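Undergrad: Okay, handing you the structure first.
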Amino acid sequence: MVEIQKNKRKRVTLDDYDNKDFKKHFIFTKDVVIQLHKQLLEIDDSIRYDHVLMTLDYLRYYTTFEDRCRIFHICYKTYSTHVWRVLAANIKLKFIHFENRINFKVPDATSIQNNGHLTLSIDTTFCPMNVKDESFYSVKHSANGVKYEVGCNLIDGEIMWIHGPFKGRMADINIYRNNLKNVVINNGERFVADKAYQGEKEKLLTPHKEKIRFVNGKKENLMEPIKKLENSFIKRHRIIIENVFSVMKRFSFLKKEWLSSIDKHTQAFMFVVNLFNISVTLNRCPPNENDDAAESHEDENEVDPPPISNEEYKKLSFPNTKSFK
């Protein structure tokens, strides 16, 4: 009598992908996932590598559980259980280190203080949400959703501040005033932000507003040259938060309308934040290499503005939920 063996489902593993395909499919490298798995085991020792891959896959493409579970050869209920368990474990980890921002400070060339320095680039990101409450509606994005305030260091982009979620209609400056404004920071320290944060010049460095006039149908910028240079300085240091968002938004759940609860969205958001931070720390240059690394990424065709004396800068007048740190 022939014994019939049941076909066991083959688990998806890291070895099923080469390094190139893995990064293309999951955004981050295998080393990042291995490090994340080690962290998750400290919270829940039943989490396996394939559970982490399921979570990455779901958030990366964000279709349906029924659609994604086929790849892992399991039913959608088991698939969804693993995803939510991984996200619940990740949110319990400590991976936002606001106190470390000072280790990545850069000189604030626009400050009237001798010890002026910048530590974070801050901005909000909008995520569509399937809610009927009109208070979630964002005029700018023409959709209902939530906002998260994110702050990253100015050297390599490690995320060191998260505050949110907030309803989509809330202004960025009000989100800042709700919490981060009241956090004690060092003397001379400021954060870089965009024009939406204007009004808090003591703690925020924001761009000057342009003064435009039209002469004979041609557009002329009446901004003083020194303010143009300051705006260039601000843009160069603020752009890093936009680069962070561009990486995070490769996960489709941050661009598509979220169909589950707001709490689960926050868990998913923080999961991607942890992945991003692990990626940054694994690829971080030694301190003495930071300057060379930064210079190598600058546009070769860009001409640096001429230096400005401290005396000239001193004459300038500047325009006016839950946090993870």
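Going through the structure tokens in order, the chains are called A, B, and so on, while each chain numbers its residues from 1 and the ligands are numbered from 1 in the order shown.
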For Asn115 (chain A), please output as a PyMOL selection string all residues within 9 Å (counting only C-alpha atoms; exclusion window: fewer than 3 positions along the same chain).
TA: chain A and resi 107-108+111-112+187-189
Undergrad: Mind the document's chain letters and residue numbers, and return as a PyMOL selection string the residues of region 133-258 of chain A that DSSP labels strand (DSSP E).
TA: chain A and resi 137-138+143-153+159-167+189-192+204-205+212-215+218-221
Undergrad: Measuring between only C-alpha atoms, which one of A:Asn182, A:Phe166, A:Ala109, A:Phe104 shows the shortest distance to Asp263 (chain A)?
TA: A:Phe166
Undergrad: Which is closest to Thr124 (chain A) among A:Ile226, A:Ile162, A:Leu14, A:Leu254, if we use only C-alpha atoms?
TA: A:Ile162
Undergrad: Can you pull out every residue within 9 Å of Val272 (chain A), counting only C-alpha atoms, but drop anything in the same chain fewer than 4 positions away, and send it as a list of chain:residue names?
TA: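 Contacts, with the query itself left out: A:Leu56, A:Leu59, A:Met248, A:Phe251, A:Gln267, A:Ala268, A:Phe276, A:Asn277.
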Undergrad: Taking 3 positions as the minimum chain separation for residues in the same chain, which residues sit within 9 Å of Tyr76 (chain A) when counting only C-alpha atoms? Answer as a PyMOL selection string.
TA: chain A and resi 64-70+79-81
Undergrad: Write out, as an mmCIF file, in the first residue's frame, the residues just selected, with N, CA, C and O atoms.
TA:
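Once written, part-v7.cif looks like this:
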data_model
loop_
_atom_site.group_PDB
_atom_site.id
_atom_site.type_symbol
_atom_site.label_atom_id
_atom_site.label_comp_id
_atom_site.auth_asym_id
_atom_site.auth_seq_id
_atom_site.Cartn_x
_atom_site.Cartn_y
_atom_site.Cartn_z
ATOM 1 N N THR A 64 -5.358 43.682 -2.017
ATOM 2 C CA THR A 64 -6.241 43.049 -1.024
ATOM 3 C C THR A 64 -5.508 41.870 -0.408
ATOM 4 O O THR A 64 -4.564 41.329 -0.991
ATOM 5 N N PHE A 65 -5.960 41.467 0.769
ATOM 6 C CA PHE A 65 -5.379 40.284 1.402
ATOM 7 C C PHE A 65 -5.572 39.052 0.504
ATOM 8 O O PHE A 65 -4.690 38.206 0.399
ATOM 9 N N GLU A 66 -6.759 38.960 -0.114
ATOM 10 C CA GLU A 66 -7.046 37.820 -0.981
ATOM 11 C C GLU A 66 -6.081 37.760 -2.160
ATOM 12 O O GLU A 66 -5.674 36.687 -2.608
ATOM 13 N N ASP A 67 -5.704 38.916 -2.663
ATOM 14 C CA ASP A 67 -4.797 38.982 -3.804
ATOM 15 C C ASP A 67 -3.366 38.659 -3.397
ATOM 16 O O ASP A 67 -2.682 37.857 -4.044
ATOM 17 N N ARG A 68 -2.888 39.231 -2.283
ATOM 18 C CA ARG A 68 -1.484 39.075 -1.899
ATOM 19 C C ARG A 68 -1.178 37.705 -1.286
ATOM 20 O O ARG A 68 -0.049 37.217 -1.361
ATOM 21 N N CYS A 69 -2.179 37.067 -0.667
ATOM 22 C CA CYS A 69 -1.912 35.818 0.054
ATOM 23 C C CYS A 69 -1.509 34.679 -0.879
ATOM 24 O O CYS A 69 -0.846 33.732 -0.453
ATOM 25 N N ARG A 70 -1.889 34.764 -2.149
ATOM 26 C CA ARG A 70 -1.567 33.688 -3.098
ATOM 27 C C ARG A 70 -0.060 33.519 -3.263
ATOM 28 O O ARG A 70 0.428 32.413 -3.496
ATOM 29 N N TYR A 79 -2.916 35.119 6.360
ATOM 30 C CA TYR A 79 -2.050 36.195 5.862
ATOM 31 C C TYR A 79 -2.290 37.486 6.634
ATOM 32 O O TYR A 79 -1.345 38.119 7.127
ATOM 33 N N SER A 80 -3.542 37.881 6.765
ATOM 34 C CA SER A 80 -3.867 39.133 7.459
ATOM 35 C C SER A 80 -3.496 39.066 8.934
ATOM 36 O O SER A 80 -3.034 40.054 9.509
ATOM 37 N N THR A 81 -3.661 37.889 9.556
ATOM 38 C CA THR A 81 -3.284 37.730 10.965
ATOM 39 C C THR A 81 -1.799 37.994 11.167
ATOM 40 O O THR A 81 -1.395 38.686 12.107
#
Undergrad: List the neighbours of Lys105 (chain A) out to 7 Å using only C-alpha atoms; skip same-chain residues closer than 2 positions along the sequence, and give me the result as a list of chain:residue names.
TA: A:Arg101, A:Ile102, A:Asn103, A:Pro107, A:His117, A:Leu118, A:Thr119
Undergrad: Lys255 (chain A): which residues within 8 Å, counting only C-alpha atoms, same-chain residues fewer than 4 positions away excluded, as a list in words?
TA: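 Listed by chain and then number, they are Cys127, Pro128, Lys249 and Phe251 of chain A.
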Undergrad: Please produce a file of those selected residues containing C-alpha atoms, as a CSV table (one decimal), in the first residue's frame.
TA:
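part.csv was written with the following content:
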chain,number,residue,atom,x,y,z
A,127,CYS,CA,-2.1,60.0,3.5
A,128,PRO,CA,-5.5,59.4,1.9
A,249,LYS,CA,5.8,56.9,-0.6
A,251,PHE,CA,4.8,51.9,-0.4
